[in-house]
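Trainee: upload.txt is the file, holding compact mmCIF, C-alpha atoms:
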# COMPACT_ATOMS: atom_id res chain seq x y z
CA MET U 1 10.34 5.92 3.78
CA THR U 2 10.33 8.01 0.64
CA LEU U 3 11.10 5.95 -2.44
CA THR U 4 13.98 7.24 -4.52
CA ARG U 5 14.88 6.26 -8.06
CA GLY U 6 18.13 4.79 -6.80
CA MET U 7 16.35 2.66 -4.23
CA ALA U 8 13.86 1.52 -6.85
CA LYS U 9 16.68 0.43 -9.14
CA THR U 10 19.05 -1.24 -6.73
CA GLU U 11 16.77 -2.61 -4.02
CA VAL U 12 13.67 -3.47 -6.03
CA ASP U 13 14.51 -3.95 -9.69
CA ASN U 14 17.84 -5.64 -9.05
CA ASP U 15 17.10 -7.55 -5.86
CA TRP U 16 13.49 -8.60 -5.60
CA TRP U 17 13.24 -11.29 -8.24
CA ALA U 18 16.81 -12.51 -8.12
CA ALA U 19 16.23 -13.66 -4.56
CA MET U 20 13.25 -15.86 -5.39
CA PRO U 21 13.79 -19.62 -5.58
CA ALA U 22 10.42 -20.27 -7.27
CA PRO U 23 10.54 -21.68 -10.83
CA LYS U 24 10.82 -19.09 -13.60
CA GLU U 25 7.52 -20.14 -15.16
CA VAL U 26 5.79 -19.42 -11.85
CA LEU U 27 7.46 -16.04 -11.45
CA ARG U 28 6.62 -15.15 -15.05
CA ARG U 29 2.93 -15.28 -14.22
CA GLU U 30 3.25 -12.40 -11.77
CA PRO U 31 1.77 -9.28 -13.38
CA ASP U 32 4.66 -7.09 -12.27
CA ARG U 33 7.47 -9.51 -13.12
CA ASN U 34 8.80 -7.21 -15.84
CA TRP U 35 8.10 -3.90 -14.16
CA ARG U 36 11.10 -1.66 -13.72
CA TRP U 37 10.29 0.60 -10.83
CA ALA U 38 13.04 3.09 -11.59
CA GLU U 39 11.59 3.53 -15.08
CA LEU U 40 8.02 3.74 -13.81
CA PHE U 41 9.13 6.40 -11.36
CA ASN U 42 10.94 8.36 -14.08
CA GLU U 43 8.03 8.07 -16.48
CA LEU U 44 5.45 9.34 -14.00
CA LYS U 45 7.71 12.11 -12.74
CA SER U 46 8.56 13.34 -16.23
CA LYS U 47 5.01 13.40 -17.55
CA LYS U 48 2.53 16.21 -17.06
CA GLY U 49 1.62 16.43 -13.40
CA GLY U 50 4.84 14.74 -12.35
CA ARG U 51 5.29 17.10 -9.44
CA TYR U 52 2.27 15.46 -7.82
CA VAL U 53 3.80 11.98 -7.89
CA ARG U 54 5.03 10.51 -4.60
CA GLY U 55 6.75 7.21 -3.90
CA TRP U 56 7.00 5.14 -0.74
CA ALA U 57 8.95 2.10 0.34
CA LEU U 58 8.33 -0.03 3.41
CA ARG U 59 11.67 -1.29 4.68
CA THR U 60 12.16 -3.60 7.64
CA ALA U 61 14.71 -2.46 10.17
CA GLU U 62 16.10 -5.86 11.06
CA ASP U 63 17.29 -6.79 7.58
CA GLY U 64 17.10 -3.51 5.63
CA LEU U 65 15.02 -5.12 2.89
CA VAL U 66 12.31 -3.26 1.01
CA GLN U 67 9.08 -5.20 1.61
CA GLY U 68 6.79 -3.15 -0.60
CA VAL U 69 6.70 -0.04 -2.77
CA MET U 70 4.03 2.31 -4.04
CA LEU U 71 3.72 5.25 -6.42
CA TYR U 72 0.72 7.55 -6.32
CA ARG U 73 -0.38 10.97 -7.46
CA THR U 74 -2.09 13.65 -5.41
CA ASN U 75 -3.72 15.65 -8.19
CA ALA U 76 -6.64 13.28 -8.78
CA LEU U 77 -10.30 13.88 -8.13
CA SER U 78 -13.10 11.68 -6.86
CA HIS U 79 -15.42 9.91 -9.27
CA PHE U 80 -18.29 11.20 -7.15
CA LEU U 81 -19.76 14.68 -7.30
CA GLY U 82 -20.32 16.32 -3.93
CA SER U 83 -23.50 18.11 -2.96
CA SER U 84 -22.07 21.37 -4.26
CA GLY U 85 -21.22 19.78 -7.60
CA GLU U 86 -17.51 19.61 -6.92
CA ARG U 87 -15.24 16.60 -6.76
CA LYS U 88 -13.10 15.98 -3.70
CA PRO U 89 -9.35 15.42 -4.16
CA VAL U 90 -8.20 11.81 -3.88
CA VAL U 91 -4.86 10.06 -3.83
CA TYR U 92 -4.70 7.87 -6.95
CA VAL U 93 -2.51 4.78 -6.58
CA GLU U 94 -0.63 4.29 -9.85
CA TYR U 95 1.49 1.30 -8.87
CA LEU U 96 1.93 -0.86 -5.79
CA ALA U 97 3.78 -4.11 -5.27
CA THR U 98 4.89 -6.23 -2.36
CA ALA U 99 8.21 -8.04 -2.42
CA PRO U 100 7.84 -11.47 -4.07
CA TRP U 101 8.73 -13.26 -0.82
CA ASN U 102 5.65 -11.65 0.73
CA ARG U 103 3.31 -13.38 -1.73
CA SER U 104 2.11 -16.71 -0.39
CA ARG U 105 1.43 -18.05 -3.87
CA LEU U 106 5.17 -17.77 -4.57
CA THR U 107 6.43 -19.08 -1.25
CA LYS U 108 4.26 -22.22 -0.92
CA PRO U 109 4.54 -24.49 0.93
CA ASN U 110 6.24 -21.95 3.19
CA PRO U 111 4.26 -18.92 4.39
CA ALA U 112 4.85 -15.47 2.99
CA ARG U 113 7.42 -13.67 5.07
CA PHE U 114 5.30 -10.62 5.89
CA ARG U 115 1.54 -10.30 5.69
CA ASP U 116 -0.48 -7.12 5.23
CA VAL U 117 2.20 -5.19 3.33
CA GLY U 118 -0.13 -4.24 0.46
CA PRO U 119 -2.98 -3.06 2.68
CA SER U 120 -0.46 -1.20 4.86
CA LEU U 121 0.69 0.75 1.82
CA LEU U 122 -2.91 1.53 0.86
CA ARG U 123 -3.58 2.77 4.41
CA LEU U 124 -0.52 4.99 4.06
CA ALA U 125 -2.15 6.48 0.94
CA VAL U 126 -5.33 7.02 2.98
CA ALA U 127 -3.27 8.89 5.60
CA HIS U 128 -1.60 11.07 2.97
CA SER U 129 -4.98 11.88 1.44
CA HIS U 130 -6.15 12.98 4.87
CA TYR U 131 -3.10 15.22 5.36
CA LEU U 132 -3.78 16.83 1.98
CA GLY U 133 -7.39 17.56 2.84
CA GLY U 134 -8.73 14.72 0.75
CA SER U 135 -10.72 13.12 3.59
CA GLY U 136 -8.71 9.92 3.28
CA LEU U 137 -10.10 9.13 -0.15
CA ILE U 138 -8.03 6.98 -2.48
CA SER U 139 -8.68 5.39 -5.85
CA LEU U 140 -7.00 2.96 -8.21
CA THR U 141 -7.59 1.08 -11.44
CA SER U 142 -7.95 -2.69 -11.39
CA VAL U 143 -7.53 -5.29 -14.07
CA PRO U 144 -10.91 -6.94 -14.77
CA LEU U 145 -10.13 -10.14 -12.88
CA PRO U 146 -12.81 -11.11 -10.34
CA ALA U 147 -10.27 -12.35 -7.80
CA THR U 148 -8.29 -9.09 -7.99
CA ILE U 149 -11.40 -6.94 -7.74
CA GLU U 150 -12.57 -9.00 -4.77
CA ARG U 151 -9.31 -8.34 -2.89
CA TYR U 152 -9.65 -4.59 -3.41
CA ARG U 153 -13.29 -4.86 -2.38
CA GLN U 154 -12.22 -6.57 0.84
CA PHE U 155 -10.09 -3.52 1.58
CA GLY U 156 -13.24 -1.42 1.15
CA LEU U 157 -12.76 -0.11 -2.38
CA GLU U 158 -15.86 -0.01 -4.59
CA ALA U 159 -16.09 -0.23 -8.36
CA VAL U 160 -17.14 3.10 -9.84
CA GLY U 161 -18.02 4.31 -13.29
CA ASP U 162 -18.79 2.30 -16.37
CA PRO U 163 -15.63 0.72 -17.70
CA ASP U 164 -15.37 0.76 -21.47
CA ASP U 165 -11.73 -0.24 -21.79
CA GLY U 166 -11.68 -3.42 -19.76
CA PHE U 167 -10.25 -1.81 -16.64
CA VAL U 168 -12.20 -1.18 -13.46
CA ASP U 169 -11.88 2.10 -11.58
CA MET U 170 -12.28 1.70 -7.85
CA GLU U 171 -12.55 4.23 -5.05
CA LEU U 172 -12.72 4.16 -1.27
CA PRO U 173 -16.10 5.47 -0.07
CA THR U 174 -15.98 8.30 2.47
CA GLU U 175 -17.37 6.18 5.30
CA VAL U 176 -14.71 3.50 4.80
CA ALA U 177 -11.95 6.10 4.59
CA THR U 178 -13.25 7.58 7.84
CA ARG U 179 -13.05 4.17 9.53
CA TYR U 180 -9.44 3.75 8.48
CA LEU U 181 -8.61 7.25 9.69
CA ARG U 182 -10.18 6.39 13.05
CA GLU U 183 -8.11 3.20 13.24
CA MET U 184 -5.03 5.30 12.65
CA GLY U 185 -6.06 7.84 15.27
CA LEU U 186 -6.44 10.60 12.72
CA GLN U 187 -10.13 11.24 13.40
CA MET H 188 -15.52 -3.10 4.86
CA ASN H 189 -13.64 -5.49 7.03
CA THR H 190 -12.58 -4.57 10.49
CA PRO H 191 -9.11 -5.73 11.51
CA GLU H 192 -10.68 -8.59 13.49
CA ARG H 193 -12.77 -9.82 10.60
CA ARG H 194 -10.38 -9.61 7.72
CA PRO H 195 -10.52 -12.74 5.58
CA ALA H 196 -7.51 -14.98 5.29
CA ASP H 197 -6.49 -13.65 1.90
CA PHE H 198 -6.89 -10.01 2.85
CA ASP H 199 -3.14 -9.58 2.70
CA GLU H 200 -3.03 -10.82 -0.85
CA ILE H 201 -3.20 -7.31 -2.24
CA THR H 202 0.22 -7.69 -3.74
CA VAL H 203 0.14 -5.77 -7.01
CA VAL H 204 -1.74 -2.65 -8.12
CA GLY H 205 -1.22 -0.97 -11.46
CA THR H 206 -2.49 -1.23 -14.99
CA GLY H 207 -0.52 1.59 -16.56
CA ARG H 208 -3.73 3.19 -17.77
CA GLY H 209 -3.83 5.85 -15.09
CA ILE H 210 -6.77 7.95 -14.02
CA PRO H 211 -9.07 9.47 -16.66
CA ASP H 212 -8.10 13.01 -17.68
CA TYR H 213 -11.35 14.53 -16.45
CA LEU H 214 -10.42 13.38 -12.94
CA VAL H 215 -7.07 15.17 -12.91
CA ASN H 216 -6.72 18.67 -11.55
CA GLU H 217 -3.44 20.37 -12.38
CA SER H 218 -4.29 23.37 -10.25
CA LEU H 219 -4.40 21.55 -6.92
CA PRO H 220 -1.58 22.58 -4.58
CA ASP H 221 1.22 20.04 -4.95
CA HIS H 222 2.47 20.63 -1.39
CA SER H 223 6.02 20.03 -2.55
CA ALA H 224 7.16 22.91 -0.34
CA ASP H 225 5.69 21.06 2.63
CA ASP H 226 7.01 17.69 1.58
CA ASP H 227 9.58 17.27 4.31
CA ASP H 228 7.14 18.14 7.08
CA LEU H 229 4.37 16.12 5.55
CA MET H 230 6.50 13.06 4.96
CA ALA H 231 7.84 13.37 8.50
CA ASP H 232 4.27 13.45 9.83
CA ILE H 233 3.38 10.32 7.92
CA GLU H 234 6.51 8.53 9.02
CA VAL H 235 5.70 9.38 12.64
CA LEU H 236 2.22 8.01 12.04
CA MET H 237 3.69 4.82 10.62
CA ALA H 238 5.80 4.41 13.73
CA GLN H 239 2.94 5.13 16.12
CA CYS H 240 0.10 3.23 14.56
CA PRO H 241 0.56 -0.53 14.93
CA ILE H 242 -2.85 -1.37 13.48
CA ALA H 243 -2.12 0.38 10.25
CA PHE H 244 1.52 -0.14 9.56
CA ASN H 245 3.09 -2.90 11.63
CA PHE H 246 2.52 -5.58 9.07
CA ARG H 247 2.85 -9.04 10.46
CA SER H 248 5.82 -11.31 10.13
CA ASN H 249 5.47 -15.02 9.53
CA ASP H 250 9.10 -15.39 10.29
CA LEU H 251 9.49 -14.64 13.98
CA ALA H 252 12.23 -17.23 14.21
CA GLY H 253 14.35 -15.26 11.79
CA MET H 254 14.18 -12.03 13.77
CA ASN H 255 16.71 -10.90 16.28
CA GLU H 256 15.52 -11.13 19.87
CA GLN H 257 15.15 -7.38 20.38
CA THR H 258 12.95 -6.93 17.32
CA LYS H 259 10.88 -9.98 18.21
CA ARG H 260 10.28 -8.75 21.75
CA ALA H 261 9.32 -5.26 20.52
CA LEU H 262 6.90 -6.74 18.01
CA LEU H 263 5.28 -9.01 20.57
CA GLU H 264 4.98 -6.12 23.04
CA SER H 265 3.13 -4.04 20.45
CA ILE H 266 0.82 -6.98 19.73
CA TYR H 267 0.13 -7.42 23.46
CA ASP H 268 -0.56 -3.70 23.81
CA HIS H 269 -2.91 -3.72 20.85
CA LEU H 270 -4.81 -6.75 22.09
CA GLY H 271 -4.81 -5.56 25.69
CA ILE H 272 -3.35 -8.81 26.98
CA ARG H 273 -0.19 -9.88 28.73
CA PRO H 274 1.58 -13.22 28.52
CA LEU H 275 1.10 -15.44 31.55
CA LYS H 276 4.66 -14.94 32.74
CA HIS H 277 3.92 -11.24 33.29
CA LEU H 278 1.05 -11.95 35.66
CA ALA H 279 1.66 -11.50 39.35
CA PRO H 280 1.51 -14.78 41.34
I'd like the structure from this file rewritten - as structure tokens, please.

Mentor:
Amino acid sequence: MTLTRGMAKTEVDNDWWAAMPAPKEVLRREPDRNWRWAELFNELKSKKGGRYVRGWALRTAEDGLVQGVMLYRTNALSHFLGSSGERKPVVYVEYLATAPWNRSRLTKPNPARFRDVGPSLLRLAVAHSHYLGGSGLISLTSVPLPATIERYRQFGLEAVGDPDDGFVDMELPTEVATRYLREMGLQ
Amino acid sequence: MNTPERRPADFDEITVVGTGRGIPDYLVNESLPDHSADDDDLMADIEVLMAQCPIAFNFRSNDLAGMNEQTKRALLESIYDHLGIRPLKHLAP
């Protein structure tokens, strides 16, 4: 469902971390531990191009809990030049996070409650890109950690460009986007 | 690219995306249509897709025991449909 600021504040910022029994020093290592989704939402919406920002939440029906959230913009362009010298539109994922209880590293020795939440949100971005005429293309920026980059690579994202600021831009190649669209019955 | 059948065990460990840096300015186009006028229809389309596409959006629960019976049965039915199998009890004698 569409993410609202109110939902971000009450159901993510207030609820996600308070519910976790893991030790504080373990939780502190999570890169998004101090993110405030309501503020991230406000910041992106209020900046230039804010009208292109969309937010999503995956909520499970049986318990009403938000299992993952994502903010992306739809005014981004591909890193690759097409044959006519133009860049295709892409959906650029600004922020994505799964609920802490869906991260196996935080729930050990118990399994994460839901698997595949993060990739499901990325596939949703692929679908939105398709609906907007972007051929299912999405991109994001990764921290320069090999394990993180490898996980995005497993989804099909490829590193693009020549990073000079320590971050790694990644984009879904057309053929991979097409495969996801076929899986979703959109092509 | 990993097909659904060949996804590695840690495929679902995409748990956080976001550096705060954003996309480079030269890859932003402020003249693209923002489709905000179509938002309701578009969002409705995507939500229908989410409901209809088990491969893409029915993320898997490790906590079947915690689900109510109706939800559990619906989830298992969608898994059986996707895999093209039926549990033994559904087979005719």

Trainee: Counting all atoms listed in the file, which of U:Leu77, U:Pro100, U:Arg5, U:Tyr92 gets nearest to U:Pro31?

Mentor: U:Pro100

Trainee: Can you tell me how far atom CA of U:Arg29 sits from atom CA of H:Val203, in Å to one decimal?

Mentor: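 That distance, rounded to one decimal, is 12.3 Å.
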
Trainee: Quick check: residues of chain U within 8 Å of chain H, all atoms listed in the file, returned as a ChimeraX atom specification.

Mentor: /U:1-2,31-32,49,51-52,62,74-79,92-98,103-104,111-121,123-124,127-128,131,140-143,148,151-156,167,176,183-185

Trainee: If I take atom CA of U:Arg36 and atom CA of U:Pro146, how far is one from the other in Å, to one decimal?

Mentor: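 Here the two named atoms are 25.9 Å from each other.
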
Trainee: With only C-alpha atoms as the counted atoms, please give the residues lying no more than 9 Å from U:Glu11, apart from itself and same-chain residues fewer than 4 positions off, as a VMD selection string.

Mentor: chain U and resid 6 to 7 15 to 16 65 to 66

Trainee: What is the atom CA of U:Thr107 to atom CA of U:Glu30 distance in Å?

Mentor: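 Distance reported for this atom pair: 12.9 Å.
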
Trainee: Ranking U:Ala125, U:Ala159, U:Ile149, U:Ala61 by minimum distance to U:Ala177 and counting all atoms listed in the file, which one comes first?

Mentor: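 Closest to U:Ala177 of all the choices is U:Ala125.
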
Trainee: Set the distance at 6 Å and use all atoms listed in the file: which residues neighbour U:Ala99 once local chain neighbours fewer than 3 positions away are removed? I'd like the list as a PyMOL selection string.

Mentor: chain U and resi 67-68+102

Trainee: Every residue with an atom at most 6 Å from (6.2, 5.6, -3.8) (file coordinates; all atoms listed in the file) is what I'm after, so could you write them as a list in words?

Mentor: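 Looking at atoms near the point gives Leu3, Arg54, Gly55, Trp56, Val69, Met70 and Leu71 of chain U.
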
Trainee: Quick one: everything within 9 Å of U:Val90, counting all atoms listed in the file, minus sequence neighbours fewer than 5 positions away in the same chain. Send it as number ranges by chain.

Mentor: U: 73-78, 126, 129, 132-139, 171

Trainee: Those same residues - C-alpha atoms - I'd like them written as a PDB file, keeping the file's coordinate frame.

Mentor:
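To be explicit, this is the file written out as part12.pdb:
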ATOM      1  CA  ARG U  73      -0.380  10.970  -7.460  1.00  0.00           C
ATOM      2  CA  THR U  74      -2.090  13.650  -5.410  1.00  0.00           C
ATOM      3  CA  ASN U  75      -3.720  15.650  -8.190  1.00  0.00           C
ATOM      4  CA  ALA U  76      -6.640  13.280  -8.780  1.00  0.00           C
ATOM      5  CA  LEU U  77     -10.300  13.880  -8.130  1.00  0.00           C
ATOM      6  CA  SER U  78     -13.100  11.680  -6.860  1.00  0.00           C
ATOM      7  CA  VAL U 126      -5.330   7.020   2.980  1.00  0.00           C
ATOM      8  CA  SER U 129      -4.980  11.880   1.440  1.00  0.00           C
ATOM      9  CA  LEU U 132      -3.780  16.830   1.980  1.00  0.00           C
ATOM     10  CA  GLY U 133      -7.390  17.560   2.840  1.00  0.00           C
ATOM     11  CA  GLY U 134      -8.730  14.720   0.750  1.00  0.00           C
ATOM     12  CA  SER U 135     -10.720  13.120   3.590  1.00  0.00           C
ATOM     13  CA  GLY U 136      -8.710   9.920   3.280  1.00  0.00           C
ATOM     14  CA  LEU U 137     -10.100   9.130  -0.150  1.00  0.00           C
ATOM     15  CA  ILE U 138      -8.030   6.980  -2.480  1.00  0.00           C
ATOM     16  CA  SER U 139      -8.680   5.390  -5.850  1.00  0.00           C
ATOM     17  CA  GLU U 171     -12.550   4.230  -5.050  1.00  0.00           C
TER      18      GLU U 171
END
